[in-house]
$ cat target-v3.csv   # CSV, C-alpha atoms
chain,number,residue,atom,x,y,z
U,1,ALA,CA,71.5,111.7,84.6
U,2,GLU,CA,70.2,112.0,88.2
U,3,LEU,CA,70.5,108.2,88.8
U,4,ARG,CA,74.1,108.3,87.4
U,5,ASP,CA,75.0,111.2,89.7
U,6,GLU,CA,73.5,109.4,92.7
U,7,LEU,CA,75.8,106.4,91.9
U,8,LEU,CA,78.8,108.6,91.1
U,9,PHE,CA,78.7,110.7,94.2
U,10,LYS,CA,78.1,107.9,96.7
U,11,GLN,CA,80.9,107.5,99.2
U,12,PRO,CA,82.6,104.1,98.5
U,13,GLU,CA,82.8,101.8,101.5
U,14,SER,CA,86.6,101.4,100.8
U,15,SER,CA,89.2,102.2,98.3
U,16,HIS,CA,89.6,100.0,95.2
U,17,LEU,CA,92.5,98.3,97.0
U,18,GLY,CA,90.3,97.0,99.8
U,19,ASP,CA,91.7,95.3,102.9
U,20,CYS,CA,94.8,93.2,103.5
U,21,PRO,CA,93.4,89.6,103.5
U,22,ILE,CA,95.7,88.7,106.5
U,23,CYS,CA,95.4,91.5,109.0
U,24,MET,CA,92.0,92.7,107.5
U,25,LEU,CA,93.1,96.4,107.8
U,26,PRO,CA,92.5,98.8,104.9
U,27,LEU,CA,95.5,98.9,102.4
U,28,PRO,CA,97.2,102.2,102.3
U,29,LEU,CA,96.9,104.4,99.2
U,30,ASP,CA,100.7,104.9,99.0
U,31,GLU,CA,100.9,101.3,97.6
U,32,ARG,CA,103.0,99.9,100.5
U,33,CYS,CA,101.8,96.5,99.7
U,34,GLY,CA,102.7,93.7,97.3
U,35,ILE,CA,100.6,91.6,95.1
U,36,ARG,CA,101.0,87.8,95.0
U,37,PHE,CA,100.1,86.4,91.6
U,38,CYS,CA,99.7,82.9,93.0
U,39,CYS,CA,96.4,84.1,94.4
U,40,SER,CA,96.2,87.7,93.2
U,41,LYS,CA,96.0,89.1,96.7
U,42,PHE,CA,97.5,92.4,97.8
U,43,ILE,CA,99.4,91.9,101.1
U,44,CYS,CA,100.3,94.8,103.3
U,45,GLU,CA,103.9,95.7,104.1
U,46,GLY,CA,103.4,94.7,107.7
U,47,CYS,CA,102.2,91.2,107.0
U,48,ASN,CA,104.8,90.7,104.3
U,49,HIS,CA,107.5,91.7,106.7
U,50,GLN,CA,106.2,89.4,109.5
U,51,HIS,CA,106.0,86.6,107.0
U,52,PHE,CA,109.6,87.3,105.8
U,53,ILE,CA,110.9,87.1,109.4
U,54,ARG,CA,109.1,83.8,109.9
U,55,GLU,CA,110.5,82.4,106.7
U,56,MET,CA,114.0,83.5,107.7
U,57,GLU,CA,113.7,82.0,111.1
U,58,ALA,CA,112.5,78.7,109.6
U,59,ARG,CA,115.3,78.9,107.0
U,60,ASN,CA,112.9,78.1,104.2
U,61,ARG,CA,114.8,78.0,101.0
U,62,LEU,CA,111.6,78.1,98.9
U,63,PRO,CA,109.6,81.1,100.0
U,64,LYS,CA,105.8,80.7,100.1
U,65,CYS,CA,102.9,83.1,99.8
U,66,PRO,CA,101.8,84.4,103.2
U,67,PHE,CA,98.2,84.0,102.2
U,68,CYS,CA,97.7,80.8,100.0
U,69,ARG,CA,101.1,79.2,101.0
U,70,GLU,CA,101.9,78.4,97.4
U,71,PRO,CA,105.6,78.6,96.5
U,72,THR,CA,106.4,82.0,95.0
U,73,PRO,CA,109.1,82.7,92.4
U,74,THR,CA,111.8,85.1,93.4
U,75,GLY,CA,112.1,87.4,90.4
U,76,ASP,CA,111.2,86.0,87.0
U,77,VAL,CA,113.5,83.0,87.1
U,78,ASN,CA,112.8,80.9,84.0
U,79,GLY,CA,109.7,83.0,83.4
U,80,GLY,CA,108.0,81.5,86.6
U,81,LEU,CA,106.4,84.8,87.6
U,82,THR,CA,105.2,85.5,84.1
U,83,LYS,CA,103.7,82.0,83.9
U,84,GLN,CA,101.8,82.5,87.1
U,85,ILE,CA,100.3,85.8,85.9
U,86,MET,CA,99.4,84.4,82.5
U,87,LYS,CA,97.8,81.3,84.1
U,88,ARG,CA,95.6,83.5,86.3
U,89,ALA,CA,94.8,85.9,83.5
U,90,LYS,CA,93.6,83.0,81.3
U,91,ALA,CA,91.4,82.0,84.3
U,92,ASP,CA,89.6,85.4,84.0
U,93,ASP,CA,91.4,86.9,87.0
U,94,PRO,CA,91.0,90.7,86.5
U,95,GLU,CA,94.0,91.5,88.7
U,96,ALA,CA,96.3,89.4,86.6
U,97,MET,CA,94.8,90.8,83.4
U,98,CYS,CA,95.5,94.3,84.6
U,99,GLN,CA,99.1,93.2,85.3
U,100,MET,CA,99.4,91.8,81.8
U,101,GLY,CA,98.2,95.1,80.5
U,102,GLY,CA,100.7,97.0,82.6
U,103,ASP,CA,103.5,94.7,81.3
U,104,SER,CA,102.4,95.3,77.7
U,105,GLU,CA,102.1,99.1,78.2
U,106,GLU,CA,105.6,99.1,79.7
U,107,GLY,CA,106.9,97.3,76.6
U,108,LYS,CA,105.1,100.0,74.4
U,109,ASP,CA,102.6,97.4,73.2
U,110,TYR,CA,99.7,99.8,73.6
U,111,ILE,CA,97.2,97.7,71.6
U,112,GLY,CA,97.9,94.7,73.7
U,113,ALA,CA,97.7,96.8,76.9
U,114,PHE,CA,94.4,98.2,75.8
U,115,GLU,CA,93.0,94.7,75.1
U,116,TRP,CA,94.1,93.4,78.6
U,117,TYR,CA,92.7,96.5,80.4
U,118,THR,CA,89.5,96.2,78.5
U,119,LYS,CA,89.0,92.6,79.6
U,120,ALA,CA,89.8,93.4,83.2
U,121,ALA,CA,87.5,96.5,83.2
U,122,GLU,CA,84.6,94.3,81.8
U,123,LEU,CA,85.0,92.3,85.1
U,124,GLY,CA,84.7,95.5,87.1
U,125,HIS,CA,88.4,96.2,87.8
U,126,ALA,CA,88.7,99.8,88.9
U,127,GLU,CA,92.4,100.2,88.2
U,128,ALA,CA,91.9,98.8,84.7
U,129,HIS,CA,89.2,101.5,84.1
U,130,SER,CA,91.6,104.1,85.4
U,131,ARG,CA,94.3,103.0,82.9
U,132,LEU,CA,91.8,102.8,80.1
U,133,ALA,CA,90.9,106.4,80.8
U,134,PHE,CA,94.6,107.4,80.5
U,135,MET,CA,94.9,105.6,77.2
U,136,TYR,CA,91.8,107.3,75.8
U,137,HIS,CA,93.1,110.6,77.0
U,138,GLU,CA,96.6,110.1,75.5
U,139,GLY,CA,95.5,108.2,72.4
U,140,LEU,CA,97.6,105.1,73.3
U,141,GLY,CA,96.5,102.0,71.4
U,142,VAL,CA,93.2,103.7,70.6
U,143,GLU,CA,91.9,107.0,69.2
U,144,ARG,CA,91.6,109.8,71.7
U,145,ASP,CA,88.0,110.0,73.0
U,146,SER,CA,87.1,112.6,75.7
U,147,GLY,CA,83.8,110.9,76.3
U,148,LYS,CA,85.3,107.5,77.0
U,149,PHE,CA,88.0,109.1,79.0
U,150,ILE,CA,85.4,110.5,81.4
U,151,HIS,CA,83.3,107.3,81.3
U,152,HIS,CA,86.2,105.1,82.5
U,153,LEU,CA,87.3,107.7,85.1
U,154,GLU,CA,83.7,107.6,86.5
U,155,GLU,CA,83.7,103.8,86.5
U,156,ALA,CA,87.0,103.7,88.3
U,157,ALA,CA,85.7,106.3,90.9
U,158,ILE,CA,82.5,104.4,91.5
U,159,GLY,CA,84.8,101.3,92.1
U,160,GLY,CA,86.6,103.2,94.9
U,161,HIS,CA,89.6,104.6,92.9
U,162,PRO,CA,90.5,107.9,94.7
U,163,SER,CA,93.0,109.1,92.1
U,164,ALA,CA,90.5,108.6,89.3
U,165,ARG,CA,88.0,110.6,91.3
U,166,HIS,CA,90.6,113.3,91.9
U,167,ASP,CA,91.0,113.6,88.2
U,168,LEU,CA,87.2,113.9,87.7
U,169,GLY,CA,87.4,116.8,90.2
U,170,ARG,CA,90.1,118.5,88.2
U,171,ASN,CA,88.1,118.1,85.0
U,172,GLU,CA,85.0,119.6,86.7
U,173,TYR,CA,87.0,122.4,88.1
U,174,THR,CA,88.5,123.2,84.7
U,175,LYS,CA,85.0,123.4,83.3
U,176,GLY,CA,83.9,125.8,86.1
U,177,ASN,CA,81.7,123.2,87.8
U,178,MET,CA,83.0,124.0,91.3
U,179,GLU,CA,80.3,122.2,93.3
U,180,ARG,CA,80.8,119.0,91.4
U,181,ALA,CA,84.6,119.3,91.8
U,182,ALA,CA,84.3,119.8,95.5
U,183,LYS,CA,82.0,116.8,95.8
U,184,HIS,CA,84.6,114.6,94.1
U,185,TRP,CA,87.5,115.9,96.2
U,186,ILE,CA,85.5,115.5,99.5
U,187,ILE,CA,84.8,111.9,98.6
U,188,ALA,CA,88.4,111.2,97.7
U,189,ALA,CA,89.7,113.0,100.8
U,190,ASN,CA,87.4,110.8,102.9
U,191,GLN,CA,89.3,107.8,101.4
U,192,GLY,CA,92.6,109.3,102.6
U,193,HIS,CA,93.7,110.9,99.3
U,194,ASP,CA,96.1,113.6,100.2
U,195,THR,CA,96.1,115.6,96.9
U,196,SER,CA,92.3,115.9,96.9
U,197,LEU,CA,92.3,117.3,100.5
U,198,GLU,CA,94.9,119.8,99.4
U,199,ARG,CA,92.9,120.9,96.4
U,200,LEU,CA,89.8,121.2,98.6
U,201,MET,CA,91.7,123.4,101.1
U,202,LYS,CA,93.0,125.6,98.3
U,203,MET,CA,89.5,126.0,96.9
U,204,PHE,CA,88.2,126.9,100.3
U,205,LYS,CA,90.8,129.6,100.8
U,206,LEU,CA,90.6,131.0,97.3
U,207,GLU,CA,86.8,131.4,97.4
U,208,ARG,CA,87.1,133.3,100.7
U,209,LEU,CA,89.7,135.6,99.3
U,210,GLU,CA,87.7,136.3,96.2
U,211,GLY,CA,84.5,136.7,98.2
U,212,GLY,CA,82.4,135.0,95.6
U,213,ARG,CA,80.4,131.8,95.7
U,214,ARG,CA,81.3,129.2,98.3
U,215,SER,CA,81.4,125.7,96.9
U,216,VAL,CA,83.1,124.4,100.1
U,217,SER,CA,81.6,125.3,103.4
U,218,GLU,CA,83.5,125.3,106.7
U,219,GLU,CA,81.5,122.3,107.7
U,220,ASP,CA,82.4,120.5,104.5
U,221,LEU,CA,86.1,121.2,105.0
U,222,ALA,CA,86.0,120.1,108.6
U,223,ASP,CA,84.2,116.9,107.8
U,224,ALA,CA,86.7,116.2,105.0
U,225,LEU,CA,89.7,116.8,107.3
U,226,ARG,CA,88.2,114.4,109.9
U,227,GLY,CA,87.3,111.8,107.2
U,228,HIS,CA,90.8,112.0,105.8
U,229,GLN,CA,92.4,111.6,109.2
U,230,SER,CA,90.2,108.6,110.0
U,231,ALA,CA,91.0,106.9,106.7
U,232,VAL,CA,94.8,107.3,107.2
U,233,VAL,CA,94.7,106.2,110.8
U,234,ALA,CA,92.7,103.1,109.8
U,235,THR,CA,95.6,101.9,107.7
U,236,LYS,CA,98.1,102.1,110.6
U,237,SER,CA,99.3,99.1,112.7
U,238,PRO,CA,102.3,98.3,114.9
U,239,GLN,CA,103.3,95.7,112.3
U,240,ARG,CA,103.2,98.1,109.4
U,241,GLU,CA,105.1,100.7,111.4
U,242,ALA,CA,107.8,98.1,112.3
U,243,ALA,CA,108.1,97.1,108.6
U,244,ALA,CA,108.4,100.8,107.5
U,245,ALA,CA,111.1,101.4,110.1
U,246,PHE,CA,113.0,98.2,109.0
U,247,PHE,CA,113.0,99.1,105.4
U,248,GLU,CA,113.9,102.7,106.1
U,249,GLU,CA,116.9,101.5,108.1
U,250,TYR,CA,117.8,98.9,105.5
U,251,ILE,CA,117.7,101.4,102.7
U,252,GLY,CA,119.7,103.9,104.8
U,253,CYS,CA,122.4,101.3,105.4
U,254,GLY,CA,122.5,100.5,101.7

$ encode --input "target-v3.csv" --output "structure tokens"
Amino acid sequence: AELRDELLFKQPESSHLGDCPICMLPLPLDERCGIRFCCSKFICEGCNHQHFIREMEARNRLPKCPFCREPTPTGDVNGGLTKQIMKRAKADDPEAMCQMGGDSEEGKDYIGAFEWYTKAAELGHAEAHSRLAFMYHEGLGVERDSGKFIHHLEEAAIGGHPSARHDLGRNEYTKGNMERAAKHWIIAANQGHDTSLERLMKMFKLERLEGGRRSVSEEDLADALRGHQSAVVATKSPQREAAAAFFEEYIGCG
């Protein structure tokens, strides 16, 4: 149990999303990035936008992936996108497997989704573990199992998944394990997870009002605030800000 906790409460070096392979900056947790299934790479909004501008200026009729330069289907014309995903899934690409699971889940094929998520999780895919946790919690495609629900949340958290870690914190808080809950939320906050920081601040204020035990010290909270700010700032760049401004204006004009 002690070895498991040592692994569980270790601060991950990055989130499960990792870095954009082009600008090498951490990908933001708000999912402002797009996956390319020709290479299963998540590309940030800034690099996608810069690539789009270059393609438009070159008047390329067949858009290419900004990373691997393979032609990319626009939409699922003639099933091109689905074929790309399936091809990579059959080649044991966990990102593609997770996408296949998501497509199956969206189509209410929970058994198929469970099988795809399981395959991806066996290859260490944090998002797949997170989705398996949800399926075990809700009993989708599998019998409800609270033990496996927690197991997969923990595996996702160890893999750098801040939302899964936040849920672990909520579970510990519900059981009255305030110190463990605080540890989870501090780690997630250091990854830039907004909700975990908010829960940590509420816990800090509530414990001061009640005058009881203090699971979160002033130093803990200050460190979490600094860690959260650093994680958020690390995802910023002029290219990403320009892309966000462009899309906000585009959507506003629409």

$ residues_around --input "target-v3.csv" --residues "Cys33 (chain U)" --least-positions-apart "4" --cutoff "9 Å" --atoms "only C-alpha atoms" --output "JSON, numbers by chain"
{"U": [20, 27, 28, 42, 43, 44, 45, 46, 48]}

$ closest_residue --input "target-v3.csv" --among "U:Arg240, U:His151, U:Lys175, U:Lys64" --to "Cys47 (chain U)" --atoms "only C-alpha atoms"
U:Arg240

$ residues_around --input "target-v3.csv" --residues "Pro162 (chain U)" --least-positions-apart "4" --cutoff "9 Å" --atoms "only C-alpha atoms" --output "list in words"
Ser15, His16, Leu29, Ala156, Ala157, His166, Asp167, His184, Trp185, Ile187, Ala188, Ala189, Gln191, Gly192, His193 and Ser196 of chain U

$ closest_residue --input "target-v3.csv" --among "U:Met178, U:Met100, U:Ile53, U:Leu197" --to "Arg213 (chain U)" --atoms "only C-alpha atoms"
U:Met178

$ closest_residue --input "target-v3.csv" --among "U:Cys65, U:Ala96, U:Ala133, U:Ala242" --to "Ala164 (chain U)" --atoms "all atoms listed in the file"
U:Ala133

$ residues_around --input "target-v3.csv" --residues "Lys87 (chain U)" --least-positions-apart "3" --cutoff "12 Å" --atoms "only C-alpha atoms" --output "number ranges by chain"
U: 37-40, 80-84, 90-97, 100

$ atom_distance --input "target-v3.csv" --atom1 "CA of Asn190 (chain U)" --atom2 "CA of Gly176 (chain U)"
22.8 Å

$ atom_distance --input "target-v3.csv" --atom1 "CA of Phe67 (chain U)" --atom2 "CA of Pro238 (chain U)"
19.6 Å

$ closest_residue --input "target-v3.csv" --among "U:Leu62, U:Gly160, U:Asn171, U:Ser215" --to "Lys202 (chain U)" --atoms "only C-alpha atoms"
U:Ser215

$ residues_around --input "target-v3.csv" --residues "Leu8 (chain U)" --least-positions-apart "2" --cutoff "12 Å" --atoms "all atoms listed in the file" --output "MDAnalysis selection string"
chainID U and resid 1:6 10:12 150:161 164:165 168:169 180 183:184 187:188

$ write_last_selection --input "target-v3.csv" --atoms "C-alpha atoms" --output "mmCIF file, in the coordinates of the input"
data_model
loop_
_atom_site.group_PDB
_atom_site.id
_atom_site.type_symbol
_atom_site.label_atom_id
_atom_site.label_comp_id
_atom_site.auth_asym_id
_atom_site.auth_seq_id
_atom_site.Cartn_x
_atom_site.Cartn_y
_atom_site.Cartn_z
ATOM 1 C CA ALA U 1 71.500 111.700 84.600
ATOM 2 C CA GLU U 2 70.200 112.000 88.200
ATOM 3 C CA LEU U 3 70.500 108.200 88.800
ATOM 4 C CA ARG U 4 74.100 108.300 87.400
ATOM 5 C CA ASP U 5 75.000 111.200 89.700
ATOM 6 C CA GLU U 6 73.500 109.400 92.700
ATOM 7 C CA LYS U 10 78.100 107.900 96.700
ATOM 8 C CA GLN U 11 80.900 107.500 99.200
ATOM 9 C CA PRO U 12 82.600 104.100 98.500
ATOM 10 C CA ILE U 150 85.400 110.500 81.400
ATOM 11 C CA HIS U 151 83.300 107.300 81.300
ATOM 12 C CA HIS U 152 86.200 105.100 82.500
ATOM 13 C CA LEU U 153 87.300 107.700 85.100
ATOM 14 C CA GLU U 154 83.700 107.600 86.500
ATOM 15 C CA GLU U 155 83.700 103.800 86.500
ATOM 16 C CA ALA U 156 87.000 103.700 88.300
ATOM 17 C CA ALA U 157 85.700 106.300 90.900
ATOM 18 C CA ILE U 158 82.500 104.400 91.500
ATOM 19 C CA GLY U 159 84.800 101.300 92.100
ATOM 20 C CA GLY U 160 86.600 103.200 94.900
ATOM 21 C CA HIS U 161 89.600 104.600 92.900
ATOM 22 C CA ALA U 164 90.500 108.600 89.300
ATOM 23 C CA ARG U 165 88.000 110.600 91.300
ATOM 24 C CA LEU U 168 87.200 113.900 87.700
ATOM 25 C CA GLY U 169 87.400 116.800 90.200
ATOM 26 C CA ARG U 180 80.800 119.000 91.400
ATOM 27 C CA LYS U 183 82.000 116.800 95.800
ATOM 28 C CA HIS U 184 84.600 114.600 94.100
ATOM 29 C CA ILE U 187 84.800 111.900 98.600
ATOM 30 C CA ALA U 188 88.400 111.200 97.700
#

$ atom_distance --input "target-v3.csv" --atom1 "CA of Ile111 (chain U)" --atom2 "CA of Gly141 (chain U)"
4.4 Å

$ closest_residue --input "target-v3.csv" --among "U:Lys108, U:Pro66, U:Asn177, U:Asn60" --to "Ile22 (chain U)" --atoms "all atoms listed in the file"
U:Pro66
